[in-house]
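*Asks:* Input: one structure, supplied below.
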Amino acid sequence: MPTTYLNPLDDPTADPFEVARRAAAEIAEKTGVNHHDLALTLGSGWGSAADLIGETTATIPAQEITGFGKPALAGHVGTLRSILLPGGKRALVIGARTHYYEGHGVRRVVHSVRTAAATGATTMILTNGAGGIRETWKPGTPVLISDHINLTADSPLEGATFIDLTDLYSKRLRDIARSVDPSLDEGVYTQFRGPHYETPAEVQMAKAIGGHIVGMSTALEAIAARQSGMEILGLSLITNLAAGIQKTPLSHHEVIEAGREAEPVISALLALIVAEL
């Protein structure tokens, strides 16, 4: 008997881009919006931006769309929202991130990005909560991602697919963000596999190879976004100093609390940035 997969992305013979096109068609049907111009994945601490960037005209439980599942992490709302921006553009807000450490495979990690591209979005804004290596970054500090180091030992690209990652995190978009807030610093994001936090030695390794931010998302999504032809803006909320830099033990509760405290400020900042795109 043929194998039945609850999620089509788990079928190794499935075309992940065809699954994304199916998902995009379902989003169009459920929202009544045939085209989105940009997409935002809102990580820990960034969720309130969805209420500030424009008028929400439709909200869908993500699990109703092909390829999506329930969020496994507190702080992710598990919805897809279609938002009409003041200038007339459409934004798709993704509150349903699948993390690599959940063990569902890279296809499901990047499905939201590929779906966003299939809806027509040409700009992808990826946000996250992360640990900071620079001691000058206090919890609650937003930082632009200038580049990344992928330490997952994995890739969303399959087969002989070669994608240039030069200027992966668009300098043009970072310049726009700094025109909104000139005080924004930037750094290199390092994605670890998770779900455990990094050891102090691993943080020092990341620092030695050029990393400034450590986390468990974003890099794989950014690669998939570039493959889909999207322009990418990345933003990290520094929720804590990384292990060994911070002298107290790390906890997910600390991450959630830092995100909650910073959310009004960073969400307003992100809304101002979106208004300039």
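Residue numbering restarts at 1 for every chain of the structure tokens, chains are lettered A, B, ... in their displayed order, and ligands are numbered from 1 as they appear.
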Excluding Leu40 of chain A and residues on its chain fewer than 5 positions from it, collect all residues at most 8 Å away from it, counting only C-alpha atoms, and give them as an MDAnalysis selection string.
*Replies:* chainID A and resid 91:94 124:127
*Asks:* How would you write, as a VMD selection string, the set of residues in segment 33-173 of chain A that DSSP gives as helix (DSSP H, G or I)?
*Replies:* chain A and resid 47 to 51 62 to 64 100 to 102 106 to 109 111 to 118 171 to 173
*Asks:* Restricting it to C-alpha atoms, dump the selection as a compact mmCIF listing (two decimals), in the first residue's frame.
*Replies:*
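For reference, again.txt as written:
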# COMPACT_ATOMS: atom_id res chain seq x y z
CA GLY A 47 4.12 40.05 17.18
CA SER A 48 2.43 43.38 17.92
CA ALA A 49 3.81 44.85 14.71
CA ALA A 50 1.00 43.06 12.88
CA ASP A 51 -1.52 45.35 14.61
CA ALA A 62 -2.21 28.37 9.68
CA GLN A 63 -2.97 24.70 10.20
CA GLU A 64 -5.89 25.05 7.79
CA TYR A 100 14.50 23.27 12.71
CA TYR A 101 14.78 21.70 16.15
CA GLU A 102 11.20 20.41 15.92
CA VAL A 106 13.95 21.64 6.31
CA ARG A 107 11.11 21.62 3.81
CA ARG A 108 8.63 22.39 6.56
CA VAL A 109 10.95 24.97 8.14
CA HIS A 111 7.46 26.29 3.71
CA SER A 112 6.10 29.60 5.02
CA VAL A 113 8.72 31.53 3.05
CA ARG A 114 8.09 29.60 -0.14
CA THR A 115 4.35 30.07 0.31
CA ALA A 116 4.84 33.81 0.79
CA ALA A 117 6.79 33.94 -2.47
CA ALA A 118 4.05 31.98 -4.19
CA LYS A 171 21.88 46.50 2.14
CA ARG A 172 19.17 48.60 0.48
CA LEU A 173 16.60 47.46 3.03
*Asks:* With only C-alpha atoms as the basis for distance, which of A:Leu184, A:Ser179, A:His148, A:Lys207 is at the shortest distance from Ala219 of chain A?
*Replies:*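 Selected residue with least distance to Ala219 of chain A: A:His148.
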*Asks:* Taking only C-alpha atoms into account, name the residue in A:Ser228, A:Ser183, A:Ser82, A:Thr166 that is nearest to Ile60 of chain A.
*Replies:*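 Selected residue with least distance to Ile60 of chain A: A:Ser82.
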*Asks:* For Thr123 of chain A, which of A:Thr136, A:Ser170, A:Thr13, A:Thr141 is the closest residue, counting only C-alpha atoms?
*Replies:*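 Among the listed residues, the smallest separation from Thr123 of chain A belongs to A:Ser170.
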*Asks:* Mind listing the strand (DSSP E) residues of segment 23-249 of chain A, per DSSP on the backbone, as a PyMOL selection string?
*Replies:* chain A and resi 38-41+55-61+79-84+90-94+123-132+141-150+185-191+213-215+231-241
*Asks:* Counting only C-alpha atoms, which residue out of A:Arg97, A:Arg174, A:Lys89, A:His36 sits closest to Gly234 of chain A?
*Replies:*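 Closest to Gly234 of chain A of all the choices is A:Arg174.
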*Asks:* With distances taken over only C-alpha atoms, which of A:Pro139, A:Pro264, A:Gly67, A:Gly211 is nearest to Ala24 of chain A?
*Replies:*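 Comparing A:Pro139, A:Pro264, A:Gly67, A:Gly211 against Ala24 of chain A, the winner is A:Gly67.
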*Asks:* Show me, as a list in words, the residues that have an atom within 9 Å of Val33 of chain A when counting only C-alpha atoms, minus same-chain residues fewer than 4 positions from it.
*Replies:*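 Here the answer would be Ile27, Ala28, Glu29, Ser82 and Arg90 of chain A.
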*Asks:* Atoms to include: C-alpha atoms. Write the selected residues as a PDB file, in the first residue's frame.
*Replies:*
ATOM      1  CA  ILE A  27      -4.610  31.623   1.173  1.00  0.00           C
ATOM      2  CA  ALA A  28      -5.993  33.565  -1.795  1.00  0.00           C
ATOM      3  CA  GLU A  29      -9.296  31.704  -1.536  1.00  0.00           C
ATOM      4  CA  SER A  82      -3.567  39.476   5.276  1.00  0.00           C
ATOM      5  CA  ARG A  90      -0.642  43.903   0.838  1.00  0.00           C
TER       6      ARG A  90
END
*Asks:* Considering only C-alpha atoms, can you say which of A:Gly210, A:Gly54, A:Glu198, A:Gly140 comes closest to Gly87 of chain A?
*Replies:* A:Gly54
*Asks:* Do you have the atom CA of Pro61 of chain A-atom CA of Tyr5 of chain A distance handy?
*Replies:* 20.5 Å
*Asks:* Identify, on the basis of only C-alpha atoms, every residue whose closest approach to Glu257 of chain A does not exceed 10 Å; exclude the query and any residue fewer than 5 positions from it along the same chain; express the result as a PyMOL selection string.
*Replies:* chain A and resi 44-45+139-140+239+252+262-263
*Asks:* Name all residues at most 12 Å from Ile133 of chain A (count only C-alpha atoms; drop same-chain ones fewer than 5 positions away) and give them as number ranges by chain.
*Replies:* A: 138-139, 143, 187-190, 198, 200, 202-208, 210-215, 238-246
*Asks:* What does the distance between atom CA of Val265 of chain A and atom CA of Asn128 of chain A come to in Å, to one decimal place?
*Replies:*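 Between these atoms lies a distance of 14.8 Å.
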